[in-house]
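Here is entry_9.txt, consisting of compact mmCIF, C-alpha atoms:
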```txt
# COMPACT_ATOMS: atom_id res chain seq x y z
CA MET E 1 -6.32 20.79 -15.12
CA PRO E 2 -4.20 23.81 -16.27
CA LYS E 3 -0.44 23.41 -15.87
CA ASP E 4 -0.02 26.11 -13.22
CA ALA E 5 -2.97 24.75 -11.27
CA ALA E 6 -1.48 21.22 -11.27
CA VAL E 7 1.83 22.49 -9.86
CA GLU E 8 0.11 24.66 -7.23
CA GLU E 9 -2.10 21.74 -6.12
CA PHE E 10 0.99 19.55 -5.64
CA ALA E 11 2.82 22.33 -3.74
CA ARG E 12 -0.25 22.83 -1.50
CA LEU E 13 -0.22 19.15 -0.49
CA VAL E 14 3.52 19.29 0.28
CA ARG E 15 3.03 22.45 2.39
CA ALA E 16 0.24 20.70 4.30
CA LEU E 17 2.55 17.78 5.11
CA LYS E 18 5.30 20.11 6.29
CA ALA E 19 2.86 22.10 8.46
CA ARG E 20 1.47 18.90 9.95
CA ASP E 21 4.94 17.74 11.02
CA GLY E 22 5.91 21.10 12.52
CA ARG E 23 9.64 20.73 12.03
CA SER E 24 11.80 23.26 10.23
CA TYR E 25 12.93 22.97 6.63
CA GLU E 26 16.45 22.16 7.87
CA ALA E 27 15.23 19.38 10.18
CA LEU E 28 13.01 17.75 7.57
CA GLY E 29 15.66 18.17 4.87
CA ARG E 30 18.19 16.23 6.94
CA ARG E 31 15.70 13.36 7.33
CA LEU E 32 15.01 13.37 3.57
CA SER E 33 18.66 13.87 2.48
CA VAL E 34 17.81 17.11 0.64
CA SER E 35 18.75 20.71 1.39
CA ALA E 36 16.39 23.08 3.17
CA SER E 37 16.24 25.32 0.09
CA THR E 38 15.26 22.36 -2.14
CA LEU E 39 12.44 21.41 0.23
CA HIS E 40 11.30 25.05 0.30
CA ARG E 41 11.14 25.09 -3.52
CA TYR E 42 8.92 21.99 -3.44
CA CYS E 43 6.58 23.72 -0.98
CA SER E 44 6.45 26.95 -2.99
CA GLY E 45 5.90 25.22 -6.35
CA ALA E 46 9.12 26.61 -7.81
CA THR E 47 10.39 23.06 -8.40
CA VAL E 48 8.73 19.67 -8.91
CA PRO E 49 10.89 16.67 -7.82
CA GLU E 50 12.18 14.42 -10.60
CA GLU E 51 11.26 11.32 -8.57
CA PHE E 52 8.26 10.68 -6.34
CA ALA E 53 10.42 8.76 -3.83
CA VAL E 54 11.54 11.88 -1.91
CA VAL E 55 7.92 13.07 -1.62
CA ASP E 56 6.81 9.63 -0.49
CA ARG E 57 9.48 9.64 2.23
CA LEU E 58 8.18 13.03 3.38
CA ALA E 59 4.63 11.65 3.51
CA LEU E 60 5.76 8.66 5.59
CA LEU E 61 7.79 10.92 7.89
CA CYS E 62 4.75 13.15 8.46
CA GLY E 63 2.40 10.22 9.15
CA ALA E 64 0.33 10.29 5.93
CA ASP E 65 -1.93 7.27 5.40
CA GLU E 66 -2.18 5.18 2.23
CA GLU E 67 -5.03 7.22 0.73
CA GLU E 68 -3.16 10.51 1.25
CA ARG E 69 -0.03 9.06 -0.35
CA ARG E 70 -1.99 7.91 -3.42
CA ALA E 71 -3.52 11.37 -3.80
CA LEU E 72 -0.08 12.93 -3.38
CA GLU E 73 1.40 10.67 -6.07
CA ALA E 74 -1.42 11.54 -8.48
CA ALA E 75 -0.83 15.27 -7.85
CA TRP E 76 2.93 14.82 -8.36
CA THR E 77 2.31 13.02 -11.68
CA ARG E 78 0.15 15.89 -12.95
CA ALA E 79 2.65 18.51 -11.77
CA ALA E 80 5.61 16.65 -13.29
CA ASP E 81 3.78 16.34 -16.62
CA ALA E 82 2.95 20.05 -16.50
CA ARG E 83 6.59 21.02 -15.94
CA ARG E 84 7.94 18.60 -18.57
CA PRO E 85 8.55 20.34 -21.98
CA PRO E 86 6.39 19.05 -24.84
CA THR E 87 8.05 16.35 -26.92
CA PRO E 88 7.74 16.79 -30.74
CA GLU E 89 6.29 13.80 -32.52
CA PRO E 90 8.96 11.76 -34.35
CA GLY E 91 9.15 12.48 -38.05
CA ALA E 92 6.86 15.49 -37.82
CA GLU E 93 9.24 17.65 -39.88
CA THR E 94 9.52 15.11 -42.68
CA ALA E 95 5.87 15.22 -43.72
CA PRO E 96 5.82 16.56 -47.30
CA GLU E 97 3.58 19.35 -48.38
CA PRO E 98 0.94 18.21 -50.92
CA VAL E 99 1.75 19.24 -54.49
CA ALA E 100 -1.20 20.71 -56.30
CA GLU E 101 -1.97 18.97 -59.57
CA ALA E 102 -2.27 21.02 -62.75
CA THR E 103 -5.85 21.57 -63.80
CA PRO E 104 -6.99 22.90 -67.18
CA GLY E 105 -7.81 26.56 -67.09
CA PRO E 106 -11.12 27.95 -68.27
CA GLY E 107 -11.57 27.78 -72.04
CA THR E 108 -8.89 25.15 -72.44
CA VAL E 109 -9.85 22.21 -74.66
CA SER E 110 -8.01 18.95 -74.26
CA ALA E 111 -7.08 17.23 -77.50
CA PRO E 112 -8.82 13.87 -77.90
CA PRO E 113 -6.52 10.86 -77.91
CA GLU E 114 -5.63 9.34 -81.25
CA PRO E 115 -7.41 6.13 -82.11
CA GLY E 116 -5.64 3.15 -80.53
CA ALA E 117 -3.38 5.32 -78.38
CA GLU E 118 -3.35 4.94 -74.60
CA PRO E 119 -4.58 7.94 -72.69
CA ALA E 120 -1.83 10.08 -71.18
CA PRO E 121 -1.55 9.91 -67.37
CA ALA E 122 -2.69 12.88 -65.39
CA PRO E 123 0.11 15.22 -64.31
CA GLY E 124 1.81 14.05 -61.12
CA ARG E 125 0.55 10.45 -61.44
CA GLU E 126 2.23 7.33 -62.75
CA PRO E 127 0.69 5.33 -65.56
CA VAL E 128 -0.99 2.20 -64.29
CA GLN E 129 0.75 -0.92 -65.52
CA GLU E 130 -1.64 -3.44 -66.99
CA PRO E 131 -1.01 -6.97 -65.69
CA ALA E 132 0.70 -9.22 -68.22
CA PRO E 133 -1.50 -11.96 -69.69
CA ALA E 134 -1.04 -15.37 -68.11
CA PRO E 135 1.22 -17.60 -70.27
CA GLU E 136 -0.23 -20.59 -72.09
CA PRO E 137 0.65 -23.99 -70.64
CA GLY E 138 4.26 -24.80 -71.49
CA GLN E 139 4.98 -21.25 -72.68
CA GLU E 140 7.63 -19.03 -71.07
CA PRO E 141 6.19 -15.91 -69.42
CA ALA E 142 6.67 -12.75 -71.41
CA PRO E 143 9.40 -10.44 -70.02
CA VAL E 144 8.23 -7.30 -68.30
CA PRO E 145 9.79 -4.23 -69.95
CA ALA E 146 11.83 -2.12 -67.57
CA SER E 147 10.59 1.41 -67.23
CA ALA E 148 13.03 4.17 -68.03
CA PRO E 149 14.37 6.07 -65.03
CA GLU E 150 12.72 9.39 -64.40
CA ALA E 151 14.53 12.68 -64.34
CA THR E 152 16.22 13.55 -61.05
CA SER E 153 15.29 17.21 -61.18
CA GLY E 154 12.52 19.45 -62.31
CA PRO E 155 9.19 20.63 -60.92
CA GLU E 156 7.78 17.09 -60.68
CA LEU E 157 10.42 15.98 -58.13
CA ASP E 158 8.96 15.18 -54.70
CA PRO E 159 10.15 17.79 -52.15
CA VAL E 160 10.79 15.05 -49.58
CA HIS E 161 12.97 13.09 -51.96
CA ALA E 162 14.84 16.20 -52.97
CA ARG E 163 15.99 16.58 -49.33
CA VAL E 164 17.30 13.02 -49.09
CA PRO E 165 20.78 12.94 -50.66
CA GLY E 166 21.86 9.75 -52.36
CA LEU E 167 18.33 8.40 -52.90
CA PRO E 168 18.38 6.26 -56.09
CA PRO E 169 16.40 7.73 -58.99
CA GLU E 170 14.18 4.64 -59.25
CA ARG E 171 12.89 5.41 -55.74
CA ARG E 172 11.96 9.03 -56.49
CA GLY E 173 9.04 8.43 -58.85
CA ARG E 174 6.02 8.57 -56.59
CA ARG E 175 5.24 11.62 -54.55
CA TRP E 176 3.62 9.62 -51.76
CA GLY E 177 5.47 6.34 -52.27
CA TRP E 178 7.23 4.22 -49.69
CA PRO E 179 10.51 6.26 -49.51
CA GLY E 180 8.76 8.98 -47.50
CA VAL E 181 7.34 6.34 -45.17
CA VAL E 182 10.79 4.84 -44.73
CA VAL E 183 12.25 8.25 -43.87
CA GLY E 184 9.56 8.76 -41.21
CA ALA E 185 10.05 5.23 -39.89
CA LEU E 186 13.80 5.72 -39.69
CA ALA E 187 13.23 8.93 -37.73
CA VAL E 188 11.01 7.04 -35.27
CA VAL E 189 13.57 4.24 -34.89
CA ALA E 190 16.39 6.77 -34.41
CA THR E 191 14.39 8.65 -31.78
CA VAL E 192 13.50 5.48 -29.86
CA THR E 193 17.08 4.17 -30.11
CA LEU E 194 18.52 7.49 -28.93
CA GLY E 195 16.14 7.49 -25.99
CA ALA E 196 17.08 3.92 -25.08
CA VAL E 197 20.83 4.47 -25.34
CA LEU E 198 21.44 8.06 -24.27
CA LEU E 199 18.35 8.85 -22.24
CA PRO E 200 17.71 5.84 -20.00
CA GLY E 201 14.16 5.74 -18.73
CA LYS E 202 13.10 5.66 -15.11
CA ALA E 203 13.22 2.34 -13.32
CA PRO E 204 9.84 0.84 -12.48
CA ARG E 205 8.57 2.38 -9.26
CA GLN E 206 8.48 -0.15 -6.47
CA PRO E 207 5.45 -0.03 -4.19
CA ALA E 208 6.32 1.84 -1.01
CA ALA E 209 6.21 -0.08 2.25
CA PRO E 210 3.26 0.91 4.44
CA PRO E 211 4.14 3.26 7.30
CA ALA E 212 4.78 2.01 10.79
CA PRO E 213 1.56 1.77 12.87
CA LEU E 214 3.01 3.88 15.68
CA THR E 215 4.15 7.44 16.24
CA TRP E 216 6.52 8.99 18.75
CA THR E 217 7.84 12.27 20.12
CA VAL E 218 11.28 12.90 21.62
CA ALA E 219 12.62 15.21 24.33
CA SER E 220 16.41 15.05 24.60
CA ASP E 221 17.35 18.20 26.56
CA LEU E 222 16.18 16.96 29.95
CA TRP E 223 17.78 17.69 33.30
CA GLU E 224 17.78 15.10 36.05
CA ASN E 225 14.97 15.88 38.48
CA GLY E 226 14.45 19.07 36.47
CA CYS E 227 17.61 20.76 37.75
CA GLY E 228 20.81 18.73 37.53
CA HIS E 229 22.81 18.62 34.29
CA THR E 230 26.32 19.22 32.94
CA TYR E 231 27.26 20.74 29.59
CA LEU E 232 30.64 20.84 27.89
CA VAL E 233 31.20 24.26 26.31
CA ARG E 234 34.18 25.59 24.35
CA ARG E 235 34.07 29.10 25.88
CA THR E 236 32.43 30.73 28.90
CA PRO E 237 28.63 30.72 28.45
CA PRO E 238 26.00 33.10 29.79
CA PRO E 239 24.17 32.23 33.04
CA PRO E 240 22.25 28.93 33.13
CA PRO E 241 18.78 29.00 31.59
CA GLU E 242 15.53 27.71 32.98
CA ALA E 243 15.17 23.97 32.35
CA ALA E 244 12.41 24.65 29.81
CA ASP E 245 14.81 26.79 27.76
CA ALA E 246 17.69 24.32 27.85
CA ARG E 247 17.47 23.34 24.19
CA SER E 248 17.77 26.85 22.75
CA TRP E 249 20.49 27.78 25.30
CA ALA E 250 22.60 24.71 24.46
CA ALA E 251 22.18 25.23 20.71
CA ALA E 252 23.29 28.86 20.95
CA GLN E 253 26.46 27.87 22.89
CA GLY E 254 27.25 24.78 20.80
CA ALA E 255 27.09 22.85 24.08
CA VAL E 256 27.31 19.03 24.31
CA ASP E 257 25.89 16.85 27.09
CA GLY E 258 28.70 16.12 29.54
CA GLY E 259 28.75 12.64 31.03
CA LYS E 260 25.05 11.89 30.66
CA THR E 261 22.13 12.40 28.30
CA LEU E 262 18.51 11.93 29.33
CA VAL E 263 15.99 11.11 26.60
CA ARG E 264 12.24 10.72 26.95
CA VAL E 265 10.40 8.92 24.13
CA SER E 266 6.59 9.02 24.12
CA VAL E 267 5.27 6.13 21.99
CA GLN E 268 1.67 5.75 20.82
CA GLY E 269 -0.20 3.57 18.32
CA LYS E 270 -2.06 5.17 15.42
CA SER E 271 -5.25 3.14 15.90
CA ALA E 272 -7.03 0.96 18.40
CA ALA E 273 -5.00 -2.04 17.21
CA ALA E 274 -2.26 -2.97 19.67
CA VAL E 275 1.36 -2.37 18.66
CA VAL E 276 3.74 -4.61 20.59
CA LEU E 277 7.10 -3.05 21.44
CA GLN E 278 9.54 -5.96 21.26
CA ALA E 279 12.89 -4.44 22.23
CA LEU E 280 14.90 -1.22 22.54
CA HIS E 281 18.40 -1.17 21.05
CA VAL E 282 21.23 1.39 21.12
CA ARG E 283 23.21 2.07 17.94
CA VAL E 284 26.47 4.07 18.29
CA VAL E 285 27.26 5.54 14.86
CA GLU E 286 30.41 7.54 15.73
CA ARG E 287 33.03 7.42 18.50
CA GLY E 288 35.80 9.87 19.32
CA ALA E 289 37.95 11.02 22.20
CA PRO E 290 36.10 13.00 24.91
CA LEU E 291 35.89 16.71 24.14
CA PRO E 292 38.64 18.81 25.79
CA TRP E 293 36.18 21.51 26.80
CA THR E 294 35.22 22.96 30.17
CA ALA E 295 32.29 21.46 32.08
CA TYR E 296 29.54 23.78 33.31
CA ARG E 297 27.02 22.47 35.83
CA MET E 298 23.55 23.92 35.80
CA ASP E 299 23.56 23.68 39.64
CA ASP E 300 25.46 21.92 42.41
CA GLY E 301 23.16 18.92 42.36
CA CYS E 302 19.58 18.40 43.30
CA GLY E 303 17.35 15.58 44.43
CA GLY E 304 13.78 14.53 44.02
CA ALA E 305 11.22 12.38 45.74
CA VAL E 306 10.66 10.22 42.65
CA THR E 307 13.23 8.25 40.72
CA PRO E 308 11.45 7.33 37.49
CA ARG E 309 11.74 3.88 35.96
CA ARG E 310 14.22 4.05 33.13
CA PHE E 311 16.61 2.37 30.73
CA GLU E 312 20.30 2.80 31.55
CA VAL E 313 22.92 2.69 28.78
CA ASP E 314 26.73 2.57 29.11
CA LEU E 315 27.95 4.13 25.86
CA ASP E 316 31.58 3.16 26.62
CA ARG E 317 30.78 -0.51 26.00
CA PRO E 318 31.58 -1.89 22.52
CA ARG E 319 27.93 -2.90 22.10
CA PRO E 320 25.80 -0.81 24.48
CA VAL E 321 22.64 -2.41 25.87
CA ALA E 322 19.55 -0.64 27.22
CA ARG E 323 18.94 -2.16 30.70
CA SER E 324 15.47 -1.68 32.17
CA LEU E 325 15.53 -0.54 35.83
CA ASP E 326 12.83 -0.01 38.43
CA GLY E 327 11.95 3.44 39.69
CA TYR E 328 11.06 4.49 43.21
CA ASP E 329 8.53 6.90 44.66
CA ALA E 330 9.56 8.12 48.14
CA SER E 331 6.82 10.71 48.46
CA GLY E 332 4.56 8.47 50.57
CA GLN E 333 5.13 7.26 54.12
CA GLU E 334 6.36 3.86 53.04
CA GLY E 335 7.42 4.56 49.47
CA ARG E 336 6.71 2.29 46.54
CA THR E 337 8.57 0.68 43.68
CA LEU E 338 7.78 1.69 40.10
CA PRO E 339 8.14 -1.52 38.04
CA ALA E 340 10.50 -1.30 35.10
CA VAL E 341 9.17 -1.42 31.55
CA SER E 342 9.38 -5.05 30.53
CA PHE E 343 9.40 -6.03 26.87
CA PRO E 344 7.31 -7.05 25.06
CA TYR E 345 5.01 -4.13 25.87
CA ALA E 346 1.83 -3.12 24.04
CA VAL E 347 0.72 0.41 23.13
CA SER E 348 -2.23 1.76 21.13
CA ALA E 349 -3.87 5.09 20.33
CA THR E 350 -5.51 5.15 23.76
CA GLU E 351 -2.66 3.50 25.71
CA PRO E 352 0.63 5.36 25.10
CA GLU E 353 3.90 4.72 26.93
CA GLU E 354 6.86 6.86 27.96
CA LEU E 355 10.37 5.41 27.80
CA LEU E 356 13.06 7.28 29.77
CA VAL E 357 16.64 6.54 28.70
CA SER E 358 19.69 7.59 30.73
CA ALA E 359 22.85 7.20 28.63
CA GLY E 360 26.26 7.78 30.22
CA ALA E 361 29.76 8.13 28.77
CA ALA E 362 33.16 8.62 30.39
CA GLY E 363 35.71 7.63 27.75
CA CYS E 364 34.15 8.67 24.44
CA ASP E 365 32.47 11.43 22.49
CA CYS E 366 29.63 9.25 21.20
CA ARG E 367 26.88 9.91 18.66
CA TRP E 368 24.07 7.39 18.92
CA TYR E 369 20.48 6.45 18.06
CA LEU E 370 17.75 4.38 19.64
CA GLU E 371 16.09 1.63 17.60
CA LEU E 372 12.66 0.39 18.65
CA GLU E 373 11.43 -2.99 17.40
CA TRP E 374 7.66 -3.38 16.94
CA SER E 375 5.08 -5.86 15.65
CA SER E 376 1.38 -5.44 14.88
CA GLU E 377 -1.28 -7.39 12.94
CA GLY E 378 1.17 -9.71 11.22
CA ARG E 379 3.73 -7.00 10.43
CA ARG E 380 7.00 -6.12 12.15
CA GLY E 381 9.69 -3.52 11.76
CA THR E 382 12.16 -1.19 13.45
CA VAL E 383 12.04 2.61 13.79
CA ARG E 384 15.16 4.70 14.38
CA ILE E 385 14.80 7.46 16.96
CA GLY E 386 17.11 10.48 17.13
CA ASP E 387 16.80 13.90 18.66
CA GLU E 388 14.06 16.40 17.79
CA ASP E 389 15.79 17.25 14.47
CA GLY E 390 16.41 13.61 13.54
CA ALA E 391 20.17 13.88 14.16
CA PRO E 392 21.89 11.37 16.47
CA PHE E 393 22.09 12.08 20.19
CA ARG E 394 25.54 13.18 21.41
CA THR E 395 27.20 12.49 24.76
CA SER E 396 30.83 13.15 25.70
CA GLY E 397 32.76 12.08 28.77
CA ALA E 398 33.59 14.95 31.14
CA LYS E 399 35.82 13.34 33.78
CA GLY E 400 39.01 15.28 34.47
CA ARG E 401 37.74 18.45 32.83
CA PRO E 402 37.67 21.80 34.70
CA VAL E 403 34.23 22.16 36.27
CA TYR E 404 32.37 25.39 36.94
CA GLY E 405 29.18 26.11 38.83
CA PHE E 406 27.12 29.30 38.78
CA ASP E 407 27.08 31.57 41.83
CA SER E 408 23.64 33.14 41.83
CA VAL E 409 24.76 35.83 44.32
CA GLU E 410 27.84 36.97 42.43
CA ARG E 411 26.15 36.22 39.10
CA ALA E 412 29.29 34.55 37.81
CA TRP E 413 30.72 31.12 37.05
CA ILE E 414 33.06 29.91 39.78
CA THR E 415 35.29 26.90 40.22
CA GLY E 416 36.13 25.08 43.40
CA GLU E 417 35.46 21.96 45.42
CA ASN E 418 31.76 22.70 45.78
CA SER E 419 31.16 22.89 42.07
CA GLY E 420 31.25 19.10 41.66
CA GLN E 421 32.78 16.91 38.98
CA GLY E 422 31.34 16.76 35.49
CA GLY E 423 30.17 13.36 34.26
```
Let's see the structure in the file written out as C-alpha cells.
Amino acid sequence: MPKDAAVEEFARLVRALKARDGRSYEALGRRLSVSASTLHRYCSGATVPEEFAVVDRLALLCGADEEERRALEAAWTRAADARRPPTPEPGAETAPEPVAEATPGPGTVSAPPEPGAEPAPAPGREPVQEPAPAPEPGQEPAPVPASAPEATSGPELDPVHARVPGLPPERRGRRWGWPGVVVGALAVVATVTLGAVLLPGKAPRQPAAPPAPLTWTVASDLWENGCGHTYLVRRTPPPPPEAADARSWAAAQGAVDGGKTLVRVSVQGKSAAAVVLQALHVRVVERGAPLPWTAYRMDDGCGGAVTPRRFEVDLDRPRPVARSLDGYDASGQEGRTLPAVSFPYAVSATEPEELLVSAGAAGCDCRWYLELEWSSEGRRGTVRIGDEDGAPFRTSGAKGRPVYGFDSVERAWITGENSGQGG
C-alpha cells in the first residue's frame, strides 16, 4: 500500500470512531489525556501516534469490538511505518568500489616466463603460497619465510584501507580481504550498540484488556420533576432556560449545581448475555469550601405525581454511600410504591436499566464520580461514570447564600422570602 494511502486509511478509521462516539474533540481528548488539537491531527492524518495505546483507548471508549481493534492496530502499524524515515543499512558507505584489473591492450605480446621461473601474479592479486612439504619423521619443520611488507601507498592500495588511519601495512595487502569485513562489522556493532544505549526500543506491547460488556449514557443537568433546581452563579445570569436547554445555559454562565445534583445513568448490555450490576459506589475526588456565589432558583418549587425510585448520596460524609430508595406513584386512586433498584441487578441488550442518583451537599464544593461494578460470563470489572464530557460531577453547598427567584411578570431576578433557600 502506498505511504499516503496507509496514513489516510488509518485516519479514516480514527474519524469513524470519533463520529460513532459523537463527543467533541475536547471531550474525547480529556478522556484520552491528549489535547483536542492532537486528536484532530490523528483524525486528519497530519500526525500518526508514536504508540498504539492511545488509539486503543479511543477504540475502547467508542465501543469497538476485538476485530475492529485488530484492524485498527494493523492500519496504525502501516501508517507508522509509512511516516518513519528510511533507515540506511549499517556499513553501506564502507563498501569499496571494485578496482578494474589491468588487461593487455590489443597488439601487446606478453613475454614468456624464463625456464624454471615462477609465473608472475596477475596485477591486483597476491601470489598463491604453495604449502610447505610435510617434514620427514623426526625432522624439524622447515621455517616459513616471512613475506616482505607491501608499500603503503600507490595505485594498488585498496581505497577502503586508505580511509582507515592506523591500519597496519600487513593488513592492507588484499583488496577484498578481512579488514574491509571487519570495518563493516564494526559499523554494524556500533549501530546496534548506539541503538541499545541511546535509542531505547519500545517496550513489548501488552495485550489490551477486552472492553466491558456494557454501555451507558449519562444525563447530569436534570431538574427535579422537570422544573425545580438551584444554580450557584458568580454574576447575575439571564432569565432561566427551558429544562431541555439547562446544560448549555449553565455552561455559558459557569454555573454550578447548588445543594443537589441529579444524574440519570442508562445502562445496557452489548449482547444477549446478561451483565450483572453488583454495586454502585461514589468516589469524591476533590473537596473544597462551598462556593461564595449567589444562588438562583429556576422556580419557586414544583411538585409531581411521581417520585421516581433513586439512589440518594450525602456528599458531606467522609465516605459517601449510594442508598437505594423506593419511589412512589400518586397518579392513581390508591397510589403505588415503585420498588428500589436492588443489587445485584441484571441488564442485557434487550433489558436496559435506568439509575437515578440524587447527590446532595451542604458543607463542601465536591467533585465526584460514580463507579459501577459488573460481572458477566466469568469476567468482572468496574466502570467509572462522569458527566457527558467525562469530567467529574460537581455539587456545592448553597446554604446561607443570597437566593434569587425569577419574576416572570417583571422579567427580573428578585430576592425575598418567597424565593426559597438554595440547597
(request) Select, from E:Ala252, E:Leu262, E:Leu325, E:Leu232, the residue with the minimum atom-to-atom distance to Ala398 in chain E, counting all atoms listed in the file. (result) E:Leu232
(message) Here is a test: counting all atoms listed in the file, which residue of E:Ala346, E:Leu338, E:Val54, E:Cys366 is nearest to Ala273 in chain E?
(response)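 Checking each of E:Ala346, E:Leu338, E:Val54, E:Cys366 against Ala273 in chain E, counting all atoms listed in the file, the winner is E:Ala346.
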(message) Using all atoms listed in the file - which residues lie no farther than 12 Å from the point (1.3, 25.5, -8.5) in the file's frame? Write them as a VMD selection string.
(response) chain E and resid 1 to 15 41 to 48 75 to 76 78 to 80 82 to 83
(message) Just the number, please: distance in Å from CA of Phe311 in chain E to CA of Leu291 in chain E, one decimal.
(response) 24.9 Å
(request) Name the closest residue to Pro308 in chain E among the candidates E:Gly363, E:Gly327, E:Gly254, E:Pro344; distances are taken between atoms, counting only C-alpha atoms. (result)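 Of E:Gly363, E:Gly327, E:Gly254, E:Pro344, the one nearest Pro308 in chain E is E:Gly327, counting only C-alpha atoms.
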(message) If I take CA of Leu58 in chain E and CA of Asp389 in chain E, how far is one from the other in Å, to one decimal?
(response)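 Value for the CA of Leu58 in chain E-CA of Asp389 in chain E distance: 14.1 Å.
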Would you compute an axis-aligned box for range 41-47 of chain E, covering every atom listed for it in the file with 4 Å of margin on each side, and report centre and edge lengths in Å to one decimal as AutoDock Vina command-line options?
```
--center_x 8.5 --center_y 24.5 --center_z -4.7 --size_x 13.2 --size_y 13.0 --size_z 15.4
```
(message) Using all atoms listed in the file, can you tell me which of E:Ser35, E:Ser324, E:Thr236, E:Ser331 comes closest to Gln253 in chain E?
(response) E:Thr236
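Among the candidates E:Gly378, E:Pro402, E:Gly335, E:Pro292, the one nearest to Cys364 in chain E when counting all atoms listed in the file is E:Pro292.
Proximity to Thr261 in chain E was assessed for E:Leu222, E:Ala19, E:Ala274, E:Ala244 counting only C-alpha atoms; the smallest distance is recorded for E:Leu222.
For the atom pair formed by CA of Val347 in chain E and CA of Asp314 in chain E, the distance is 26.8 Å, given to one decimal.
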(request) Give me the residues within 12 Å of Ala64 in chain E as a VMD selection string, counting all atoms listed in the file and dropping any in the same chain fewer than 4 places off. (result) chain E and resid 13 to 14 16 to 18 20 to 21 55 to 60 68 to 72 210 to 215 270
(message) I'd like the neighbourhood of Trp293 in chain E as an NGL selection string, where a residue qualifies if any of its atoms comes within 7 Å (using only C-alpha atoms), though same-chain residues fewer than 4 positions away should be ignored.
(response) :E and (232-234 or 401)
(message) Around the point (16.6, -1.4, 26.0) (coordinates from the file), which residues reach within 8 Å if we count all atoms listed in the file? Answer as JSON, numbers by chain.
(response) {"E": [279, 280, 281, 282, 311, 312, 321, 322, 323, 324]}
